[in-house]
Every structure is written in structure tokens, then in C-alpha cells.
Amino acid sequence: MQDDDINEIGRLPPAHDPIAKYLIAADDRLLLSHWLPPQAGIVPRIRLGRRWINVLWVLPVGFVLLIAGVAVAQALRQLPGVQAFLVRYPGAPASVAAVTSGFPLWLRVQHFLNLLFMAFIIRSGIQILADHPRLYWKRDCTPGTEWFRFQKPVPADRVWTAKDDSVTIPGWLGLPGIRHSIGLARWWHFSVNLLWTINGVAFYALLFSTDQWRRLVPTTWAVIPNAASTTLQYLSFTFPPDHSWTQYNSLQQLVYFATVFIAAPTSIVTGLMQSPAISNHLGWVGRALNRQRARSVHFLALWWFLLFFLVHVTLVFITGPARVSLNMMWAGVHDSSWSGFAVFVPLIMLVALAWWRASPFTIRHARLVQKTGELMVGWIKGLAEWWSPHSQLTEKDISPYFWPNGTMPASAEFDALVNAGFAGYRLRIDGLVEQPREFSLAELCAMPKQEQITTHFCIQGWSGVAKWGGVPVRHIIDLVRPTADARYVVFYSFADGGDGGRYYDVHKMSNMRHELTILAYEMNGMPVTVLHGAPLRLRCENELGFKMVKWIAAIEFVNDFADLGSGQGGYNEDHEFYGYRMPI
Ligand SMILES: Nc1nc2c(c(=O)[nH]1)N[C@H]1C(S)=C(S)[C@@H](COP(=O)(O)O)O[C@H]1N2
Ligand SMILES: [Mo]
């Protein structure tokens with residue numbers, strides 16, 4: 001008591017809850033000796049009905065289809081009717097006004113920035129995918145229901161956590177390529193996404209304030225037969241004349257339009273819909289475009305971009321002299337000089353250099369990447385905490401399977417509590433409160449009980465629905481009465497984290513007052529199991545799963561968390577470079 005009095009008037013640095021001495025600081029680098037050991041995945045497979053098909057079949061099948069397409073196109077061109085069609089629809093509608101401003105500097109700069117940004121978005125996106133290497137259409141992520149995976153089936157004979165499931169991908173592809181490096185990959189993904197979105201918005205604005213939109217936006221239905229005509233011409237290797245300087249052919253126009261005005265916004269929307277705060281706030285939108293649908297469509301949009309890139313680059317180099325095409329987009333001139341090459345080659349080498357250095361840099365300067373990400377996008381993401389979650393589901397939405405995650409408690413103290421049915425359990429609440437308290441499980445169960453059926457969003461990508469029952473945290477707050485200085489709430493676990501040292505996490509006070517923030521002791525109408533966090537685990541429905549501490553031992557109200565662990569606001573924040581506000 002006396003200690004507390006001195007602390008309150010601020011004469012001593014705050015003494016923390018006794019568990020705080022078990023927190024350990026983490027390294028600022030991603031140290032492989034302190035990391036999940038590598039684990040190989042498998043060649044990706046797609047499920048058709050009950051059969052799993054190896055995606056490598058795409059190569060021979062695609063090749064055969066291409067050859068067949070070419071043969072059919074050649075044959076068709078012999079037919080008089082088709083020849084008349086090609087004359088009538090040469091490849092682009094004649095009536096459309098042409099662009100007269102060539103390829104201005106802003107457009108060339110934005111084209112390059114788009115290439116640079118996309119490279120990092122795609123690499124970090126693949127890294128994020130590898131943290132839960134399975135895709136589903138349904139919200140519940142039950143093993144066997146996925147439509148795509150690059151991991152073996154989930155073992156049924158043992159506890160298999162989502163962390164166990166993550167796979168390694170090579171460092172030249174993933175960013176940074178280390179197994180379960182999603183924390184760092186997400187900083188890259190979101191930070192570069194912000195730059196890419198700004199570039200995209202500026203691009204839209206400039207397109208429509210100049211005549212440049214005419215190249216990209218179809219204005220007549222005649223583009224459809226013209227695009228068919230162009231496809232036939234490409235497939236039969238008699239390329240239509242290139243008028244890109246003033247007008248794209250209809251196939252180009254349709255594909256570019258879809259890329260700029262459909263695939264890009266779809267990626268942004270399906271990215272955001274994977275966030276607990278946004279999805280849970282948007283009600284039926286979040287239910288219809290559930291997290292797994294959003295994640296699957298996000299992945300299909302990636303394939304659109306990859307295929308677009310492949311075909312786009314191939315056509316630039318095989319239709320007509322590449323010099324001419326490069327001159328337009330890289331030097332802004334319409335001639336056959338080498339000026340385009342002179343710009344293109346050094347810039348591509350720059351992208352290659354950045355590509356090559358990004359993973360080693362991220363591993364060595366992990367904390368810097370985390371802090372830069374926090375600075376660039378952490379605060380924007382944090383704004384989503386102001387939205388209160390209110391999406392409740394019904395009993396029939398409860399998932400048949402709920403992935404477990406995290407590192408289980410392994411102490412004699414905890415085992416003794418389990419063996420006594422948690423009779424000896426006391427939840428300790430201390431720190432900057434007027435009334436420090438200890439509650440037994442029976443006392444907690446006697447408090448006002450709240451039940452909620454909600455979706456859990458793990459940072460790794462899986463989700464699951466359960467009915468949770470417990471005490472609202474706002475009720476506890478009213479009992480212990482935090483002082484005016486209390487800005488954060490620390491949850492300490494009985495369990496250590498994966499790299500040793502105690503698991504903990506920090507939340508803002510305002511977040512703890514949300515209607516759906518509870519200390520749960522029930523899951524699906526039964527006492528919560530040890531696997532899922534008994535005797536008490538946090539539910540905070542506008543944050544990602546790692547912030548919901550399981551096996552809660554103590555709760556402390558603090559003014560600042562800089563002196564806890566490595567000062568990042570939680571175990572995964574310290575050790576795995578996550579952000580401490582993660583509603584997105
Ligand atoms: N003490 C502790 N709590 C934890 C974790 C952990 O490793 N230790 N993992 C977190 C993560 S990453 C998730 S997704 C959820 C998983 O909860 P579940 O096992 O009930 O699915 O618990 C969170 N709480
Ligand atoms: Mo998680």
C-alpha cells in the first residue's frame with residue numbers, strides 16, 4: 001500500500017506488477033537463433049471437389065491451350081467471314097478521339113513508381129500468405145475445406161497451432177523470406193501500399209484532368225468486337241499496327257482498364273476487409289465479404305497482376321521493335337532512338353538492387369523497419385480503433401473448428417491451478433488504480449456476464465467464430481477505478497512466449513471500454529479449455545488475435561509501457577516486430 005502511495009505522487013519510478021520481472025527484452029535484429037526453425041511447404045495445390053491438383057500442371061496445360069489457340073486462330077483467319085470481320089473491326093474503334101499529349105513526364109514517373117511499389121507489395125504479400133499457407137471461402141477455416149494450400153494437410157493426431165503451420169519461402173521471393181516473419185512483412189506491405197495508393201489517386205486525378213484517360217477508358221461498345229479481333233490477330237502472329245502513342249487497341253484498353261480501375265480497387269477493398277475492426281464494424285458487409293473470401297479474392301487479384309505483368313512485358317518485347325515501345329513509356333519520345341533504353345536499364349537495375357537488398361536489410365534492421373512502419377502507417381491503422389465493433393453472429397455461425405495458437409503455459413504453478421480446477425486462481429489487478437483487487441474465478445463468474453458470438457481474426461490469416469462468455473472489462477474498470485494517469489492496460493499471462501520471457505500485451509484504455517471487450521471464461525457455452533486460454537482470456541473484437549492474451553494472471557493499469565520488455569507494447573510487438581495497435 002505504501003509503495004502505491006509513493007508512486008501515485010510520482011516520487012519513484014513506477015514499480016510494476018510482480019510478473020513484470022519475467023519479461024525479457026528482445027533483440028532489435030531478427031535473430032535466427034531465436035526464431036521458429038525453418039519449415040518447407042509443398043508445391044501449391046488447388047482442390048477440385050475432393051481432388052488436390054498440383055499447380056505445376058498449369059504449365060503444360062497452359063502451353064497446350066496456347067498452341068491450340070494459335071492453331072484455331074490461324075484456321076479462323078482463312079474463313080472469308082472472319083476476314084470481313086477483321087476488316088470491319090481492325091482492332092480499335094475509329095470514332096474515338098486520340099490522345100495528343102504523348103506520354104508526359106508525370107505518367108512515366110508514375111508508371112515507374114507503380115512498378116517499384118508493386119514489387120515490394122507483392123513480395124511482402126506472398127510472405128504474409130506463407131504465415132497461413134491455406135485459402136478458404138468460408139469464415140471458419142476448418143482443415144480440409146481450403147481450396148488452395150502449399151502446406152500438407154493439418155495433422156489430426158496432435159495439437160497443431162497456426163504457428164506450427166507457417167512455412168518458409170526463399171528470401172529472394174518473400175520479404176524477408178523467414179518463416180513467420182509476418183510482422184515485418186506487414187510493415188512493408190502496408191507502408192508501400194500507402195505510397196502506391198497515393199500514387200494511384202494522383203494517377204486517377206491526372207488522367208482525368210488531361211486527355212490521357214482516353215487511352216484507358218472505353219467509351220463505345222465497339223471495343224468488344226475490336227478486342228476479339230485483336231485477340232485473333234495476336235494469336236495468329238499478325239500483330240495489329242501499334243498506335244499506342246495516340247490510342248491503345250481495344251484489347252489493350254480493356255485489359256489496362258480492368259487492371260487500373262477494377263483489380264487495383266479490388267485489392268484495396270479486399271485487403272481492408274481482412275481487418276477485424278473494419279469487418280466487425282461494417283455488419284452485413286463484413287459477413288458477406290467475410291475474411292476468408294476477402295483473402296481469397298485478394299489472392300486472385302494478385303494473380304491478375306502477375307499474369308498482366310507477364311503478358312504486358314512479353315508483348316512489349318515481341319510486338320514491333322521494343323525500342324519504340326520503351327521510348328514512349330520511359331523517355332516520352334516517339335522515335336526509334338535508344339533514349340528509352342538509356343532510362344529503362346538504369347532504373348530497372350535500381351529496382352533489382354532494392355529487391356536484392358530488401359530481405360537482408362529487413363533481417364538486420366528489423367526494429368527500424370517496425371518503427372518506420374509505425375511512423376508511416378501505424379497511426380493510420382490505429383484510427384480504426386475508434387470504430388466500435390458490433391458485428392454479432394448467431395449460434396449457427398459458430399465454427400466447427402477453431403485454430404489454436406500460441407505457446408502453452410509450462411509451469412508447476414499453472415499445472416497446480418489446472419489440477420485444482422482453478423480453485424486457487426486469483427486474478428490480480430494493480431497499478432494506477434484507486435482500488436487494487438484480487439478476484440477468484442467464482443467471484444468473476446458471479447459478476448454481470450456478457451455473451452457474444454464474434455469472429456476471431458488472427459494476424460496470420462485464419463479466422464473462426466465462437467460464442468464467448470465472461471465479464472465486461474468496463475465492469476472491472478468501474479470496480480478498481482483507474483486514476484487519471486492510467487492510459488494503458490497491461491495483461492500478463494501465466495505462459496511464456498515462444499522465445500522465452502513472459503507473454504503480455506498492452507491496450508489503450510479507450511479500447512478496453514468497448515462494448516465487446518470481455519474477460520472470457522466460457523467458449524461455446526462451456527468453460528474455456530486450457531488450449532484456448534483457461535481460466536481467463538481477453539476478447540477484444542476490434543484487434544487482431546495476438547492482442548487477446550490467454551491464461552491471464554494479472555492486469556496492470558499503467559501510464560506508459562516503454563519500460564516493459566523491449567517497450568513495444570507486448571510480447572509479439574517486442575519479439576516479432578508487430579504493432580501494438582492492430583485493428584487492421
Ligand atoms: N499467453 C498467450 N496468449 C496468446 C497467445 C500466446 O502465444 N500466448 N497467442 C495469441 C494469438 S497469436 C492468437 S491468434 C490467439 C489464439 O487464441 P486461440 O488459441 O483460442 O485460437 O491467442 C493469443 N493469445
Ligand atoms: Mo494470432
# chains A, B, ... in the order shown; residues from 1 in each chain; ligands from 1
$ select_by_dssp --residues "stretch 380-584 of chain A" --states "helix (DSSP H, G or I)" --output "ChimeraX atom specification"
/A:380-386,395-397,412-419,441-445,473-480,509-512,545-547,571-575
$ write_last_selection --atoms "N, CA and C atoms" --output "short mmCIF file (atom, residue, chain, number, x, y, z; two decimals), in the first residue's frame"
data_model
loop_
_atom_site.label_atom_id
_atom_site.label_comp_id
_atom_site.auth_asym_id
_atom_site.auth_seq_id
_atom_site.Cartn_x
_atom_site.Cartn_y
_atom_site.Cartn_z
N ILE A 380 -2.28 5.47 -38.74
CA ILE A 380 -3.48 5.44 -39.59
C ILE A 380 -4.31 4.21 -39.25
N LYS A 381 -3.61 3.06 -39.10
CA LYS A 381 -4.31 1.84 -38.72
C LYS A 381 -4.97 2.01 -37.36
N GLY A 382 -4.24 2.66 -36.43
CA GLY A 382 -4.76 2.86 -35.08
C GLY A 382 -6.09 3.60 -35.06
N LEU A 383 -6.30 4.47 -36.09
CA LEU A 383 -7.56 5.22 -36.12
C LEU A 383 -8.78 4.31 -36.16
N ALA A 384 -8.60 3.11 -36.70
CA ALA A 384 -9.74 2.19 -36.80
C ALA A 384 -10.23 1.74 -35.43
N GLU A 385 -9.43 1.96 -34.38
CA GLU A 385 -9.88 1.59 -33.03
C GLU A 385 -11.06 2.44 -32.57
N TRP A 386 -11.23 3.60 -33.20
CA TRP A 386 -12.35 4.46 -32.79
C TRP A 386 -13.68 3.88 -33.23
N GLU A 395 -25.86 -18.48 -33.36
CA GLU A 395 -25.34 -19.79 -32.95
C GLU A 395 -24.93 -20.63 -34.16
N LYS A 396 -25.69 -20.52 -35.24
CA LYS A 396 -25.39 -21.40 -36.38
C LYS A 396 -24.13 -20.96 -37.13
N ASP A 397 -23.62 -19.78 -36.80
CA ASP A 397 -22.37 -19.33 -37.43
C ASP A 397 -21.14 -19.89 -36.70
N ALA A 412 4.93 -25.29 -13.01
CA ALA A 412 4.32 -26.09 -11.93
C ALA A 412 3.16 -25.30 -11.32
N GLU A 413 3.34 -23.98 -11.25
CA GLU A 413 2.31 -23.11 -10.69
C GLU A 413 1.00 -23.26 -11.48
N PHE A 414 1.12 -23.22 -12.81
CA PHE A 414 -0.09 -23.31 -13.62
C PHE A 414 -0.69 -24.71 -13.57
N ASP A 415 0.19 -25.73 -13.61
CA ASP A 415 -0.30 -27.11 -13.53
C ASP A 415 -1.11 -27.32 -12.25
N ALA A 416 -0.61 -26.74 -11.16
CA ALA A 416 -1.30 -26.90 -9.88
C ALA A 416 -2.69 -26.26 -9.95
N LEU A 417 -2.76 -25.10 -10.60
CA LEU A 417 -4.06 -24.43 -10.74
C LEU A 417 -5.02 -25.30 -11.56
N VAL A 418 -4.51 -25.86 -12.65
CA VAL A 418 -5.36 -26.71 -13.51
C VAL A 418 -5.86 -27.90 -12.71
N ASN A 419 -4.94 -28.54 -11.97
CA ASN A 419 -5.31 -29.74 -11.22
C ASN A 419 -6.37 -29.46 -10.17
N LEU A 441 -12.02 -17.06 -9.42
CA LEU A 441 -12.83 -17.36 -10.59
C LEU A 441 -14.31 -17.33 -10.24
N ALA A 442 -14.65 -17.82 -9.03
CA ALA A 442 -16.06 -17.82 -8.60
C ALA A 442 -16.57 -16.39 -8.50
N GLU A 443 -15.73 -15.50 -7.99
CA GLU A 443 -16.16 -14.09 -7.89
C GLU A 443 -16.37 -13.49 -9.28
N LEU A 444 -15.48 -13.83 -10.21
CA LEU A 444 -15.63 -13.31 -11.57
C LEU A 444 -16.92 -13.83 -12.21
N CYS A 445 -17.19 -15.12 -11.96
CA CYS A 445 -18.38 -15.73 -12.55
C CYS A 445 -19.67 -15.15 -11.95
N VAL A 473 -14.86 -5.90 -19.50
CA VAL A 473 -13.71 -5.23 -18.86
C VAL A 473 -14.15 -3.90 -18.26
N ARG A 474 -15.16 -3.25 -18.88
CA ARG A 474 -15.61 -1.95 -18.32
C ARG A 474 -16.16 -2.13 -16.91
N HIS A 475 -16.71 -3.32 -16.62
CA HIS A 475 -17.20 -3.58 -15.26
C HIS A 475 -16.03 -3.63 -14.27
N ILE A 476 -14.97 -4.30 -14.69
CA ILE A 476 -13.76 -4.38 -13.85
C ILE A 476 -13.18 -2.98 -13.64
N ILE A 477 -13.18 -2.19 -14.72
CA ILE A 477 -12.64 -0.82 -14.63
C ILE A 477 -13.42 -0.04 -13.58
N ASP A 478 -14.74 -0.20 -13.58
CA ASP A 478 -15.56 0.52 -12.59
C ASP A 478 -15.23 0.06 -11.16
N LEU A 479 -14.89 -1.21 -11.00
CA LEU A 479 -14.59 -1.71 -9.64
C LEU A 479 -13.26 -1.20 -9.12
N VAL A 480 -12.24 -1.17 -9.98
CA VAL A 480 -10.90 -0.81 -9.48
C VAL A 480 -10.60 0.68 -9.61
N MET A 509 -6.63 2.39 -22.91
CA MET A 509 -7.80 2.38 -22.03
C MET A 509 -9.09 2.44 -22.83
N SER A 510 -9.14 3.35 -23.82
CA SER A 510 -10.39 3.54 -24.56
C SER A 510 -10.84 2.24 -25.21
N ASN A 511 -9.87 1.48 -25.65
CA ASN A 511 -10.18 0.21 -26.32
C ASN A 511 -10.81 -0.79 -25.34
N MET A 512 -10.43 -0.65 -24.08
CA MET A 512 -10.93 -1.59 -23.07
C MET A 512 -12.36 -1.26 -22.65
N GLY A 545 -5.85 -11.23 -33.22
CA GLY A 545 -5.86 -12.24 -32.16
C GLY A 545 -4.71 -12.17 -31.16
N PHE A 546 -3.53 -11.79 -31.61
CA PHE A 546 -2.39 -11.86 -30.68
C PHE A 546 -2.53 -10.90 -29.51
N LYS A 547 -3.42 -9.90 -29.64
CA LYS A 547 -3.60 -8.95 -28.55
C LYS A 547 -4.53 -9.49 -27.47
N TYR A 571 4.38 -8.82 -26.11
CA TYR A 571 5.39 -9.83 -26.42
C TYR A 571 5.68 -9.91 -27.91
N ASN A 572 4.62 -10.01 -28.72
CA ASN A 572 4.84 -10.12 -30.16
C ASN A 572 5.34 -8.81 -30.75
N GLU A 573 4.99 -7.72 -30.09
CA GLU A 573 5.49 -6.41 -30.52
C GLU A 573 7.00 -6.35 -30.26
N ASP A 574 7.44 -6.86 -29.10
CA ASP A 574 8.87 -6.86 -28.78
C ASP A 574 9.64 -7.87 -29.63
N HIS A 575 9.11 -9.10 -29.69
CA HIS A 575 9.89 -10.22 -30.24
C HIS A 575 9.62 -10.48 -31.72
#
$ residues_near_ligand --ligand "ligand 2" --cutoff "8 Å" --atoms "only C-alpha atoms and all ligand atoms" --output "CSV table (one decimal) with C-alpha atoms, in the first residue's frame"
chain,number,residue,atom,x,y,z
A,162,ALA,CA,-1.3,-21.8,-36.7
A,405,ASN,CA,-2.4,-20.6,-31.5
A,406,GLY,CA,0.4,-19.5,-29.2
A,457,PHE,CA,-9.1,-12.6,-36.7
A,458,CYS,CA,-5.5,-14.0,-36.3
A,459,ILE,CA,-2.8,-11.9,-37.8
A,460,GLN,CA,-1.6,-15.0,-39.6
A,544,LEU,CA,-6.1,-9.0,-34.1
A,545,GLY,CA,-5.9,-12.2,-32.2
A,546,PHE,CA,-2.4,-11.9,-30.7
$ atom_distance --atom1 "atom CA of A:Leu86" --atom2 "atom CA of A:Ala258"
23.9 Å
$ residues_near_ligand --ligand "ligand 1" --cutoff "6 Å" --atoms "only C-alpha atoms and all ligand atoms" --output "CSV table (one decimal) with N, CA, C and O atoms, in the first residue's frame"
chain,number,residue,atom,x,y,z
A,403,TRP,N,-8.9,-22.7,-34.9
A,403,TRP,CA,-7.5,-23.0,-34.8
A,403,TRP,C,-6.9,-22.6,-33.4
A,403,TRP,O,-7.3,-21.5,-32.9
A,404,PRO,N,-6.1,-23.3,-32.8
A,404,PRO,CA,-5.4,-22.9,-31.6
A,404,PRO,C,-4.1,-22.1,-32.0
A,404,PRO,O,-3.6,-22.4,-33.1
A,405,ASN,N,-3.7,-21.2,-31.1
A,405,ASN,CA,-2.4,-20.6,-31.5
A,405,ASN,C,-1.7,-20.2,-30.2
A,405,ASN,O,-2.3,-20.1,-29.1
A,406,GLY,N,-0.4,-20.0,-30.3
A,406,GLY,CA,0.4,-19.5,-29.2
A,406,GLY,C,1.2,-20.6,-28.5
A,406,GLY,O,1.1,-21.8,-28.8
A,407,THR,N,1.9,-20.2,-27.4
A,407,THR,CA,2.8,-21.1,-26.7
A,407,THR,C,2.1,-21.4,-25.3
A,407,THR,O,1.7,-20.4,-24.6
A,458,CYS,N,-7.0,-13.9,-36.6
A,458,CYS,CA,-5.5,-14.0,-36.3
A,458,CYS,C,-4.7,-13.2,-37.3
A,458,CYS,O,-5.1,-13.3,-38.5
A,493,SER,N,0.3,-12.9,-18.8
A,493,SER,CA,-0.1,-14.3,-18.9
A,493,SER,C,0.6,-15.2,-17.9
A,493,SER,O,1.7,-14.8,-17.4
A,495,ALA,N,1.7,-17.9,-19.2
A,495,ALA,CA,2.6,-18.6,-20.2
A,495,ALA,C,3.7,-17.7,-20.7
A,495,ALA,O,3.5,-16.5,-20.7
A,497,GLY,N,6.3,-16.6,-23.8
A,497,GLY,CA,6.1,-16.5,-25.3
A,497,GLY,C,7.1,-17.5,-25.9
A,497,GLY,O,7.9,-18.2,-25.3
A,503,TYR,N,4.6,-13.8,-21.7
A,503,TYR,CA,3.8,-13.2,-22.7
A,503,TYR,C,2.9,-12.1,-22.0
A,503,TYR,O,2.4,-12.3,-20.9
A,532,HIS,N,-7.5,-23.0,-25.2
A,532,HIS,CA,-7.9,-21.7,-25.6
A,532,HIS,C,-7.9,-20.6,-24.6
A,532,HIS,O,-8.5,-19.6,-24.8
A,545,GLY,N,-5.9,-11.2,-33.2
A,545,GLY,CA,-5.9,-12.2,-32.2
A,545,GLY,C,-4.7,-12.2,-31.2
A,545,GLY,O,-4.9,-12.5,-30.0
A,546,PHE,N,-3.5,-11.8,-31.6
A,546,PHE,CA,-2.4,-11.9,-30.7
A,546,PHE,C,-2.5,-10.9,-29.5
A,546,PHE,O,-1.9,-11.0,-28.5
A,548,MET,N,-5.1,-10.7,-27.7
A,548,MET,CA,-6.1,-11.2,-26.8
A,548,MET,C,-5.3,-12.3,-25.9
A,548,MET,O,-5.3,-13.5,-26.2
A,549,VAL,N,-4.7,-11.8,-24.9
A,549,VAL,CA,-3.9,-12.6,-24.0
A,549,VAL,C,-4.7,-13.8,-23.4
A,549,VAL,O,-5.8,-13.6,-23.0
A,550,LYS,N,-4.1,-14.9,-23.5
A,550,LYS,CA,-4.7,-16.1,-22.9
A,550,LYS,C,-4.1,-16.4,-21.6
A,550,LYS,O,-3.0,-15.9,-21.3
A,551,TRP,N,-4.7,-17.2,-20.8
A,551,TRP,CA,-4.2,-17.6,-19.4
A,551,TRP,C,-3.8,-16.4,-18.6
A,551,TRP,O,-2.7,-16.2,-18.1
$ closest_residue --among "A:Thr220, A:Asn193, A:Ser336, A:Ser296" --to "A:Asn114" --atoms "only C-alpha atoms"
A:Asn193
